[in-house]
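**Q** I'm passing along query-v7.cif; it holds mmCIF, C-alpha atoms.
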```cif
data_final
#
loop_
_atom_site.label_atom_id
_atom_site.label_comp_id
_atom_site.auth_asym_id
_atom_site.auth_seq_id
_atom_site.Cartn_x
_atom_site.Cartn_y
_atom_site.Cartn_z
CA MET Q 70 270.21 123.62 136.76
CA GLU Q 71 270.53 122.45 140.33
CA THR Q 72 273.85 122.60 142.10
CA MET Q 73 275.66 119.38 141.31
CA ASN Q 74 278.00 117.30 143.41
CA ILE Q 75 281.40 117.64 141.77
CA THR Q 76 282.72 115.01 144.21
CA ASP Q 77 280.58 112.22 145.64
CA PRO Q 78 279.33 113.43 149.07
CA LYS Q 79 280.38 110.20 150.83
CA ILE Q 80 283.90 110.61 149.48
CA HIS Q 81 283.91 114.22 150.68
CA GLU Q 82 282.89 113.02 154.14
CA TYR Q 83 285.70 110.43 154.13
CA LEU Q 84 288.24 113.12 153.20
CA MET Q 85 286.95 115.45 155.91
CA ASN Q 86 287.20 112.70 158.53
CA LEU Q 87 290.89 112.35 157.67
CA ALA Q 88 291.43 116.12 157.87
CA HIS Q 89 291.27 116.53 161.63
CA GLU Q 90 291.91 120.06 162.87
CA ASP Q 91 293.00 121.36 166.28
CA ASP Q 92 293.82 124.97 165.38
CA ARG Q 93 291.12 126.98 167.15
CA HIS Q 94 291.52 129.91 164.74
CA ILE Q 95 290.71 127.70 161.77
CA LEU Q 96 287.79 126.13 163.62
CA GLU Q 97 286.51 129.59 164.58
CA MET Q 98 286.64 130.87 160.99
CA GLU Q 99 284.92 127.73 159.72
CA ARG Q 100 282.17 128.22 162.31
CA ILE Q 101 281.69 131.90 161.37
CA ALA Q 102 281.66 131.08 157.65
CA LYS Q 103 278.96 128.48 158.21
CA GLU Q 104 276.85 130.74 160.44
CA ARG Q 105 276.96 133.71 158.08
CA ASN Q 106 277.02 131.69 154.86
CA PHE Q 107 280.30 133.46 154.10
CA PRO Q 108 282.27 131.83 151.26
CA ILE Q 109 285.64 130.40 152.31
CA VAL Q 110 287.76 127.85 150.46
CA GLU Q 111 287.08 125.33 153.28
CA ARG Q 112 289.42 122.93 154.98
CA LEU Q 113 290.42 120.54 152.19
CA VAL Q 114 291.43 123.40 149.92
CA GLY Q 115 293.11 125.12 152.87
CA ARG Q 116 295.24 122.03 153.44
CA LEU Q 117 296.16 121.99 149.75
CA LEU Q 118 297.21 125.66 149.89
CA PHE Q 119 299.41 124.83 152.90
CA LEU Q 120 300.97 121.89 151.09
CA LEU Q 121 301.60 123.86 147.88
CA ALA Q 122 303.21 126.69 149.85
CA LYS Q 123 305.42 124.17 151.69
CA ILE Q 124 306.61 122.76 148.37
CA LYS Q 125 306.95 126.10 146.55
CA LYS Q 126 308.54 128.11 149.40
CA PRO Q 127 307.29 131.41 147.96
CA SER Q 128 308.93 134.77 148.66
CA LEU Q 129 305.74 136.59 147.69
CA VAL Q 130 302.13 135.39 147.79
CA VAL Q 131 299.45 137.80 146.56
CA GLU Q 132 295.81 137.05 147.23
CA LEU Q 133 293.09 138.59 145.10
CA GLY Q 134 290.09 138.41 147.45
CA SER Q 135 291.17 137.33 150.92
CA GLY Q 136 287.80 137.48 152.64
CA PHE Q 137 288.52 137.51 156.36
CA GLY Q 138 291.85 135.71 155.93
CA TYR Q 139 291.06 131.97 155.95
CA SER Q 140 293.15 131.07 152.88
CA ALA Q 141 295.89 133.57 153.82
CA TYR Q 142 296.16 131.97 157.24
CA TRP Q 143 296.78 128.53 155.68
CA PHE Q 144 299.49 130.06 153.47
CA ALA Q 145 301.04 131.91 156.42
CA LYS Q 146 301.18 128.75 158.53
CA ALA Q 147 303.22 127.07 155.77
CA MET Q 148 305.64 129.97 155.25
CA ASP Q 149 308.81 130.21 157.32
CA ALA Q 150 309.82 133.31 155.40
CA GLY Q 151 308.40 135.46 152.63
CA LYS Q 152 305.49 137.88 152.45
CA ILE Q 153 301.77 137.43 151.92
CA VAL Q 154 299.58 140.25 150.62
CA LEU Q 155 295.90 140.19 151.59
CA THR Q 156 293.30 142.20 149.69
CA ASP Q 157 289.59 142.62 150.16
CA TYR Q 158 287.08 145.30 149.31
CA ARG Q 159 285.48 145.14 152.76
CA GLU Q 160 287.18 146.96 155.62
CA GLU Q 161 285.68 144.63 158.25
CA ASN Q 162 287.11 141.51 156.57
CA ILE Q 163 290.61 142.94 156.53
CA ALA Q 164 290.19 144.06 160.15
CA TYR Q 165 289.35 140.48 161.14
CA ALA Q 166 292.39 139.17 159.21
CA LYS Q 167 294.71 141.75 160.78
CA ASN Q 168 293.60 140.71 164.23
CA LEU Q 169 293.97 137.01 163.39
CA PHE Q 170 297.50 137.49 162.05
CA ARG Q 171 298.47 139.59 165.08
CA GLU Q 172 297.13 137.02 167.55
CA THR Q 173 298.86 134.12 165.81
CA GLY Q 174 302.26 135.76 165.32
CA HIS Q 175 302.05 136.00 161.53
CA ALA Q 176 301.59 139.79 161.26
CA GLY Q 177 305.26 140.35 160.41
CA LYS Q 178 304.94 138.54 157.09
CA ALA Q 179 301.62 140.06 155.97
CA GLU Q 180 300.46 143.22 154.23
CA PHE Q 181 296.80 144.19 154.31
CA HIS Q 182 294.90 146.24 151.75
CA VAL Q 183 291.29 147.34 151.40
CA GLY Q 184 290.17 148.10 147.84
CA ASN Q 185 290.26 146.75 144.30
CA ALA Q 186 292.37 143.59 144.46
CA VAL Q 187 293.75 143.76 140.91
CA GLU Q 188 294.72 147.43 141.22
CA ILE Q 189 296.51 146.70 144.48
CA ALA Q 190 298.27 143.64 143.07
CA LYS Q 191 299.67 145.66 140.14
CA ASP Q 192 302.11 147.27 142.57
CA TYR Q 193 303.78 143.92 143.31
CA GLN Q 194 306.44 142.35 141.08
CA ASN Q 195 307.78 138.79 140.97
CA ILE Q 196 304.71 137.21 142.51
CA ASP Q 197 305.45 133.53 143.29
CA ILE Q 198 301.91 132.48 144.13
CA LEU Q 199 298.87 134.39 142.84
CA PHE Q 200 295.71 133.23 144.58
CA ILE Q 201 292.44 134.27 142.91
CA ASP Q 202 289.07 134.31 144.68
CA ILE Q 203 287.38 137.55 143.54
CA GLU Q 204 284.14 138.11 141.61
CA LYS Q 205 284.03 135.33 139.07
CA ARG Q 206 283.30 137.66 136.13
CA ASP Q 207 286.66 139.33 136.81
CA TYR Q 208 288.91 136.22 136.74
CA PHE Q 209 289.82 136.50 133.07
CA ASP Q 210 290.75 140.18 133.09
CA ALA Q 211 292.57 139.80 136.41
CA VAL Q 212 294.93 137.10 135.17
CA ARG Q 213 295.63 138.87 131.87
CA THR Q 214 296.35 142.16 133.68
CA LEU Q 215 298.70 140.54 136.17
CA LEU Q 216 300.73 138.26 133.85
CA PRO Q 217 303.64 140.77 133.80
CA ASN Q 218 303.70 140.75 137.61
CA LEU Q 219 304.34 137.01 137.91
CA GLY Q 220 307.79 135.76 138.83
CA SER Q 221 309.52 132.92 137.01
CA HIS Q 222 307.83 129.56 137.59
CA ALA Q 223 304.99 131.34 139.38
CA LEU Q 224 301.98 129.35 140.48
CA ILE Q 225 298.43 130.60 139.93
CA ILE Q 226 295.77 129.06 142.19
CA ALA Q 227 292.11 129.92 141.53
CA ASP Q 228 289.13 128.84 143.60
CA ASN Q 229 285.67 128.08 142.16
CA SER Q 230 286.99 127.13 138.73
CA LEU Q 231 284.13 124.63 138.30
CA TRP Q 232 281.55 127.07 139.75
CA TYR Q 233 279.12 124.51 141.16
CA GLY Q 234 279.15 122.74 137.81
CA LYS Q 235 277.60 125.77 136.06
CA ILE Q 236 280.52 125.72 133.60
CA LEU Q 237 278.52 122.90 131.92
CA ASP Q 238 275.30 124.94 131.49
CA ASP Q 239 274.10 125.66 127.97
CA GLU Q 240 273.10 129.19 128.93
CA LYS Q 241 275.78 130.75 131.08
CA ASP Q 242 275.51 133.86 133.25
CA LYS Q 243 278.26 136.50 133.36
CA GLU Q 244 280.04 134.89 136.30
CA THR Q 245 280.14 131.51 134.59
CA ILE Q 246 281.32 133.00 131.30
CA GLY Q 247 284.15 134.69 133.22
CA ILE Q 248 285.26 131.39 134.73
CA VAL Q 249 285.02 129.45 131.47
CA ARG Q 250 287.10 132.03 129.58
CA PHE Q 251 289.65 132.01 132.40
CA ASN Q 252 289.90 128.20 132.43
CA GLU Q 253 290.28 128.05 128.64
CA TYR Q 254 292.74 130.94 128.48
CA LEU Q 255 295.17 129.33 130.91
CA SER Q 256 294.65 125.78 129.62
CA GLU Q 257 295.46 126.88 126.05
CA ASN Q 258 298.36 129.13 127.04
CA PRO Q 259 301.64 127.39 126.12
CA ASP Q 260 303.51 129.38 128.76
CA PHE Q 261 301.65 127.47 131.50
CA MET Q 262 300.89 123.93 132.59
CA THR Q 263 297.33 124.14 133.83
CA THR Q 264 295.16 121.57 135.53
CA ILE Q 265 291.89 121.83 137.43
CA LEU Q 266 291.41 119.69 140.52
CA PRO Q 267 287.81 118.55 141.07
CA LEU Q 268 288.22 119.36 144.77
CA ARG Q 269 285.26 121.11 146.42
CA ASP Q 270 284.21 123.73 143.82
CA GLY Q 271 287.21 123.24 141.53
CA VAL Q 272 290.76 124.49 142.16
CA LEU Q 273 292.70 125.59 139.10
CA LEU Q 274 296.47 125.26 139.30
CA ALA Q 275 298.63 126.85 136.62
CA CYS Q 276 302.41 126.77 136.75
CA LYS Q 277 304.40 129.21 134.63
CA LEU Q 278 306.92 127.22 132.61
CA SER Q 279 309.64 129.89 132.56
CA MET L 1437 279.34 97.48 145.78
CA GLU L 1438 279.51 98.81 142.27
CA THR L 1439 282.35 101.08 141.23
CA MET L 1440 281.35 104.60 142.12
CA ASN L 1441 282.04 107.88 140.36
CA ILE L 1442 284.37 109.78 142.67
CA THR L 1443 284.05 112.79 140.37
CA ASP L 1444 280.92 113.53 138.32
CA PRO L 1445 281.52 112.08 134.81
CA LYS L 1446 280.45 115.28 133.04
CA ILE L 1447 282.98 117.24 135.11
CA HIS L 1448 285.65 114.68 134.21
CA GLU L 1449 284.80 115.16 130.54
CA TYR L 1450 285.08 118.95 130.91
CA LEU L 1451 288.50 118.58 132.52
CA MET L 1452 289.70 116.21 129.82
CA ASN L 1453 288.56 118.62 127.09
CA LEU L 1454 290.79 121.27 128.64
CA ALA L 1455 293.73 118.87 128.84
CA HIS L 1456 294.66 118.76 125.17
CA GLU L 1457 297.72 116.67 124.36
CA ASP L 1458 300.05 116.72 121.35
CA ASP L 1459 302.88 114.53 122.68
CA ARG L 1460 302.67 111.39 120.56
CA HIS L 1461 304.42 109.29 123.22
CA ILE L 1462 301.76 110.16 125.78
CA LEU L 1463 298.99 109.50 123.28
CA GLU L 1464 300.58 106.16 122.36
CA MET L 1465 300.82 105.02 125.99
CA GLU L 1466 297.23 106.08 126.64
CA ARG L 1467 296.12 104.08 123.59
CA ILE L 1468 298.04 100.98 124.69
CA ALA L 1469 296.73 101.27 128.25
CA LYS L 1470 293.17 101.41 126.97
CA GLU L 1471 293.62 98.51 124.54
CA ARG L 1472 295.22 96.21 127.09
CA ASN L 1473 293.27 97.48 130.11
CA PHE L 1474 296.64 98.30 131.65
CA PRO L 1475 296.39 100.61 134.67
CA ILE L 1476 298.05 104.01 134.24
CA VAL L 1477 297.48 107.16 136.26
CA GLU L 1478 295.89 108.78 133.19
CA ARG L 1479 296.29 112.26 131.81
CA LEU L 1480 294.84 114.48 134.53
CA VAL L 1481 297.02 112.86 137.18
CA GLY L 1482 299.98 112.95 134.77
CA ARG L 1483 299.54 116.71 134.40
CA LEU L 1484 299.42 117.06 138.18
CA LEU L 1485 302.67 115.07 138.53
CA PHE L 1486 304.28 117.38 135.98
CA LEU L 1487 303.07 120.45 137.84
CA LEU L 1488 304.20 119.18 141.25
CA ALA L 1489 307.65 118.33 139.87
CA LYS L 1490 307.90 121.80 138.30
CA ILE L 1491 307.15 123.39 141.67
CA LYS L 1492 309.26 121.01 143.77
CA LYS L 1493 312.31 120.81 141.47
CA PRO L 1494 313.34 117.41 142.89
CA SER L 1495 316.90 116.09 142.79
CA LEU L 1496 315.64 112.54 143.24
CA VAL L 1497 312.28 111.01 142.33
CA VAL L 1498 311.73 107.34 143.19
CA GLU L 1499 308.75 105.51 141.75
CA LEU L 1500 307.41 102.38 143.39
CA GLY L 1501 305.62 100.72 140.49
CA SER L 1502 306.36 102.49 137.23
CA GLY L 1503 304.40 100.25 134.89
CA PHE L 1504 305.67 101.00 131.41
CA GLY L 1505 306.76 104.52 132.34
CA TYR L 1506 303.71 106.75 131.88
CA SER L 1507 303.99 108.59 135.22
CA ALA L 1508 307.80 108.65 135.06
CA TYR L 1509 307.60 110.28 131.65
CA TRP L 1510 305.44 113.11 133.03
CA PHE L 1511 307.96 113.61 135.84
CA ALA L 1512 310.89 113.52 133.42
CA LYS L 1513 309.29 116.12 131.15
CA ALA L 1514 309.08 118.50 134.10
CA MET L 1515 312.64 117.95 135.33
CA ASP L 1516 315.49 120.05 133.94
CA ALA L 1517 317.90 118.29 136.27
CA GLY L 1518 317.78 115.53 138.87
CA LYS L 1519 317.27 111.79 138.65
CA ILE L 1520 314.22 109.59 138.38
CA VAL L 1521 314.27 105.94 139.44
CA LEU L 1522 311.81 103.60 137.75
CA THR L 1523 310.90 100.23 139.23
CA ASP L 1524 308.61 97.47 138.06
CA TYR L 1525 308.46 93.74 138.60
CA ARG L 1526 307.89 93.06 134.91
CA GLU L 1527 310.91 93.08 132.59
CA GLU L 1528 308.80 94.00 129.56
CA ASN L 1529 307.38 97.12 131.22
CA ILE L 1530 310.84 98.41 132.07
CA ALA L 1531 312.02 97.58 128.55
CA TYR L 1532 309.21 99.76 127.13
CA ALA L 1533 310.13 102.60 129.53
CA LYS L 1534 313.83 102.36 128.65
CA ASN L 1535 313.03 102.66 124.99
CA LEU L 1536 310.65 105.58 125.59
CA PHE L 1537 313.24 107.48 127.63
CA ARG L 1538 315.94 106.82 125.03
CA GLU L 1539 313.74 108.02 122.17
CA THR L 1540 312.70 111.17 123.98
CA GLY L 1541 316.12 112.20 125.27
CA HIS L 1542 315.38 111.57 128.94
CA ALA L 1543 317.55 108.45 129.41
CA GLY L 1544 320.36 110.43 131.02
CA LYS L 1545 318.25 111.29 134.06
CA ALA L 1546 316.67 107.88 134.59
CA GLU L 1547 317.62 104.62 136.33
CA PHE L 1548 315.68 101.46 135.58
CA HIS L 1549 315.18 98.47 137.86
CA VAL L 1550 313.25 95.22 137.56
CA GLY L 1551 312.25 93.64 140.87
CA ASN L 1552 310.71 94.40 144.24
CA ALA L 1553 310.13 98.15 144.27
CA VAL L 1554 310.52 98.68 148.03
CA GLU L 1555 313.74 96.64 148.21
CA ILE L 1556 315.18 98.63 145.32
CA ALA L 1557 314.09 101.97 146.81
CA LYS L 1558 315.86 101.19 150.10
CA ASP L 1559 319.18 101.82 148.34
CA TYR L 1560 318.28 105.47 147.70
CA GLN L 1561 318.68 108.24 150.28
CA ASN L 1562 317.23 111.76 150.38
CA ILE L 1563 314.29 110.99 148.15
CA ASP L 1564 312.51 114.26 147.24
CA ILE L 1565 309.44 112.72 145.63
CA LEU L 1566 308.29 109.18 146.44
CA PHE L 1567 305.60 108.05 144.02
CA ILE L 1568 303.62 104.97 145.07
CA ASP L 1569 301.60 102.83 142.67
CA ILE L 1570 302.32 99.21 143.68
CA GLU L 1571 300.00 96.47 144.98
CA LYS L 1572 297.53 98.26 147.22
CA ARG L 1573 297.99 95.82 150.13
CA ASP L 1574 301.66 96.89 150.26
CA TYR L 1575 301.17 100.69 150.54
CA PHE L 1576 301.28 100.81 154.33
CA ASP L 1577 304.42 98.71 154.77
CA ALA L 1578 306.12 100.48 151.87
CA VAL L 1579 305.75 103.94 153.36
CA ARG L 1580 306.79 102.83 156.85
CA THR L 1581 309.86 101.04 155.47
CA LEU L 1582 310.96 104.01 153.39
CA LEU L 1583 310.42 106.86 155.87
CA PRO L 1584 314.17 106.95 156.71
CA ASN L 1585 314.96 107.31 153.01
CA LEU L 1586 312.97 110.51 152.56
CA GLY L 1587 314.79 113.83 152.25
CA SER L 1588 313.76 116.94 154.14
CA HIS L 1589 310.40 118.33 152.99
CA ALA L 1590 309.93 115.25 150.80
CA LEU L 1591 306.66 114.80 148.97
CA ILE L 1592 304.84 111.46 148.90
CA ILE L 1593 302.37 110.98 146.04
CA ALA L 1594 300.19 107.86 146.03
CA ASP L 1595 297.76 106.81 143.32
CA ASN L 1596 294.49 104.95 143.98
CA SER L 1597 294.11 106.26 147.51
CA LEU L 1598 290.30 106.16 147.17
CA TRP L 1599 290.37 102.77 145.42
CA TYR L 1600 287.20 103.13 143.35
CA GLY L 1601 285.38 104.20 146.52
CA LYS L 1602 285.94 100.79 148.14
CA ILE L 1603 287.51 102.58 151.12
CA LEU L 1604 283.85 103.20 152.14
CA ASP L 1605 282.83 99.51 152.06
CA ASP L 1606 281.76 97.89 155.33
CA GLU L 1607 283.60 94.69 154.45
CA LYS L 1608 286.97 95.51 153.00
CA ASP L 1609 289.29 93.20 151.08
CA LYS L 1610 293.05 93.10 151.72
CA GLU L 1611 293.83 95.71 149.08
CA THR L 1612 291.30 98.14 150.51
CA ILE L 1613 292.49 97.57 154.08
CA GLY L 1614 296.03 98.36 152.91
CA ILE L 1615 294.92 101.66 151.39
CA VAL L 1616 292.80 102.68 154.38
CA ARG L 1617 295.63 102.04 156.84
CA PHE L 1618 298.01 103.94 154.60
CA ASN L 1619 295.65 106.95 154.33
CA GLU L 1620 295.06 107.01 158.09
CA TYR L 1621 298.73 106.51 158.96
CA LEU L 1622 299.87 109.51 156.94
CA SER L 1623 296.87 111.69 157.83
CA GLU L 1624 297.45 111.15 161.56
CA ASN L 1625 301.25 111.50 161.35
CA PRO L 1626 302.24 114.91 162.77
CA ASP L 1627 305.45 114.90 160.72
CA PHE L 1628 303.38 115.27 157.53
CA MET L 1629 300.68 117.47 156.04
CA THR L 1630 298.52 115.02 154.13
CA THR L 1631 295.60 115.59 151.84
CA ILE L 1632 293.80 113.37 149.34
CA LEU L 1633 292.65 114.86 146.07
CA PRO L 1634 289.42 113.34 144.71
CA LEU L 1635 290.99 113.29 141.25
CA ARG L 1636 290.39 110.16 139.18
CA ASP L 1637 290.85 107.32 141.72
CA GLY L 1638 292.24 109.51 144.53
CA VAL L 1639 295.72 111.00 144.71
CA LEU L 1640 297.24 111.25 148.17
CA LEU L 1641 299.76 114.03 148.70
CA ALA L 1642 301.82 114.10 151.89
CA CYS L 1643 304.51 116.71 152.50
CA LYS L 1644 307.14 116.07 155.17
CA LEU L 1645 307.21 119.06 157.47
CA SER L 1646 310.92 118.91 158.29
#
```
Would you mind giving the structure from this file in structure tokens?

**A**
Amino acid sequence: METMNITDPKIHEYLMNLAHEDDRHILEMERIAKERNFPIVERLVGRLLFLLAKIKKPSLVVELGSGFGYSAYWFAKAMDAGKIVLTDYREENIAYAKNLFRETGHAGKAEFHVGNAVEIAKDYQNIDILFIDIEKRDYFDAVRTLLPNLGSHALIIADNSLWYGKILDDEKDKETIGIVRFNEYLSENPDFMTTILPLRDGVLLACKLS
Amino acid sequence: METMNITDPKIHEYLMNLAHEDDRHILEMERIAKERNFPIVERLVGRLLFLLAKIKKPSLVVELGSGFGYSAYWFAKAMDAGKIVLTDYREENIAYAKNLFRETGHAGKAEFHVGNAVEIAKDYQNIDILFIDIEKRDYFDAVRTLLPNLGSHALIIADNSLWYGKILDDEKDKETIGIVRFNEYLSENPDFMTTILPLRDGVLLACKLS
């Protein structure tokens, strides 16, 4: 199956035209991501992360899979207080993020870890926002493992929850099966209100009800 | 121009399959809306309203254009405390909403008004969530008029911000011009972070930064 357009491309263009950006760090990361074909959540999702953090005012954000810090930077810009934990399995990504946070004055609210994101996250309690952007086959196990680490009324945000539309394929690969199980698990879980936004590649939002 | 699919229909179907609903009042309103071709925000947007209210914990929600109460009911279900103000220019819509809120135990947190939504809303200060779903030509004036009535870090939520894709038309009617000006005004306003979700017919979210 070819990659489908989840959103009409002309609508996407309209939304991007409204999402003007002056922050040279964001522009730089977007340029690098494009050049190296490095997956980032992109600007429209970044703006949503900012907005959700502004509304939620989290004390603790934990990211599973920070890449070089694009999503974490959007969170950090929205946070007047609180802590954000970045994780990635590649040393060089975390090094880039560290430098970015130092240069932009956000280092004081960030913790950086190289290694297995879920194992690292287990050490944190009362997580207010759990952001998930790791290997897709690991989404389901990650959320089940970390349920006890969520604070009350925690918000889970997961990127790629529509996985280029492959969630509709008759024959699904391991990554797609991981996403589908994850989407169904949270949607059917009465402890959460879950909805998936058809923004970019699908952004799942799940709010813990207690 | 024909009505376009903002989101791929098969993706929409997938999302709806995950959004199972047992609440007979919601199901009843959805049935009535379909029968009478009455515009409601529909279930996926309703779930988003619920989720945003859970995160934001508003003391005061004001709706411009409540219809028969579908969106207000989603807000009310998410609110343990606080007040929600419903407005509509049709007596019979507000009568339906009143009855719904009475039956479901939410009447104590609601105020009901028949008349011009913007004029009614002017009497409320420190609005935490302003929901806009009135005549599309009036969006721009409504938001400019009510800026002084917004509380700090208020959230504006507007339905139909992509207006069936007509925002892309070369020749725009009055409704479409109203929406486009509204989208641009909030997107360019440095006091807000604004983003439009390509969900259903477009849901604009704008968070006041101070």

**Q** Taking the file as shown, what set of residues would the PyMOL selection byres ((chain L and resi 1612-1621) around 12) give back, as JSON, numbers by chain?

**A** {"Q": [83, 84, 85, 86, 87, 88, 89], "L": [1568, 1569, 1570, 1571, 1572, 1573, 1574, 1575, 1576, 1577, 1578, 1579, 1580, 1592, 1593, 1594, 1595, 1596, 1597, 1598, 1599, 1600, 1601, 1602, 1603, 1604, 1605, 1606, 1607, 1608, 1609, 1610, 1611, 1622, 1623, 1624, 1625, 1626, 1627, 1628, 1629, 1630, 1631, 1632, 1633, 1637, 1638, 1639, 1640, 1641, 1642]}

**Q** Leaving out Val1481 (chain L) and any residue of its chain fewer than 2 positions from it, which residues lie within 9 Å of it when counting only C-alpha atoms, given as a PyMOL selection string?

**A** chain L and resi 1477-1479+1483-1486+1507+1595+1635-1636+1639

**Q** Could you check which of Q:Leu129, Q:Ile163, Q:Leu219, Q:Ile75 is closest to Pro1634 (chain L), using all atoms listed in the file?

**A**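 That would be Q:Ile75, the residue with the smallest distance to Pro1634 (chain L).
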
**Q** Could you tell me how far CA of Tyr193 (chain Q) lies from CA of Lys1493 (chain L), in Å and to one decimal?

**A** 24.7 Å

**Q** Residues near region 1512-1520 of chain L, anyone? I mean within 12 Å using only C-alpha atoms, not counting same-chain ones fewer than 2 positions away, as a PyMOL selection string.

**A** (chain Q and resi 222+261-262+276-279) or (chain L and resi 1459+1461-1462+1482-1500+1502+1505-1510+1522-1523+1533+1536-1538+1540-1549+1557+1560+1562-1567)
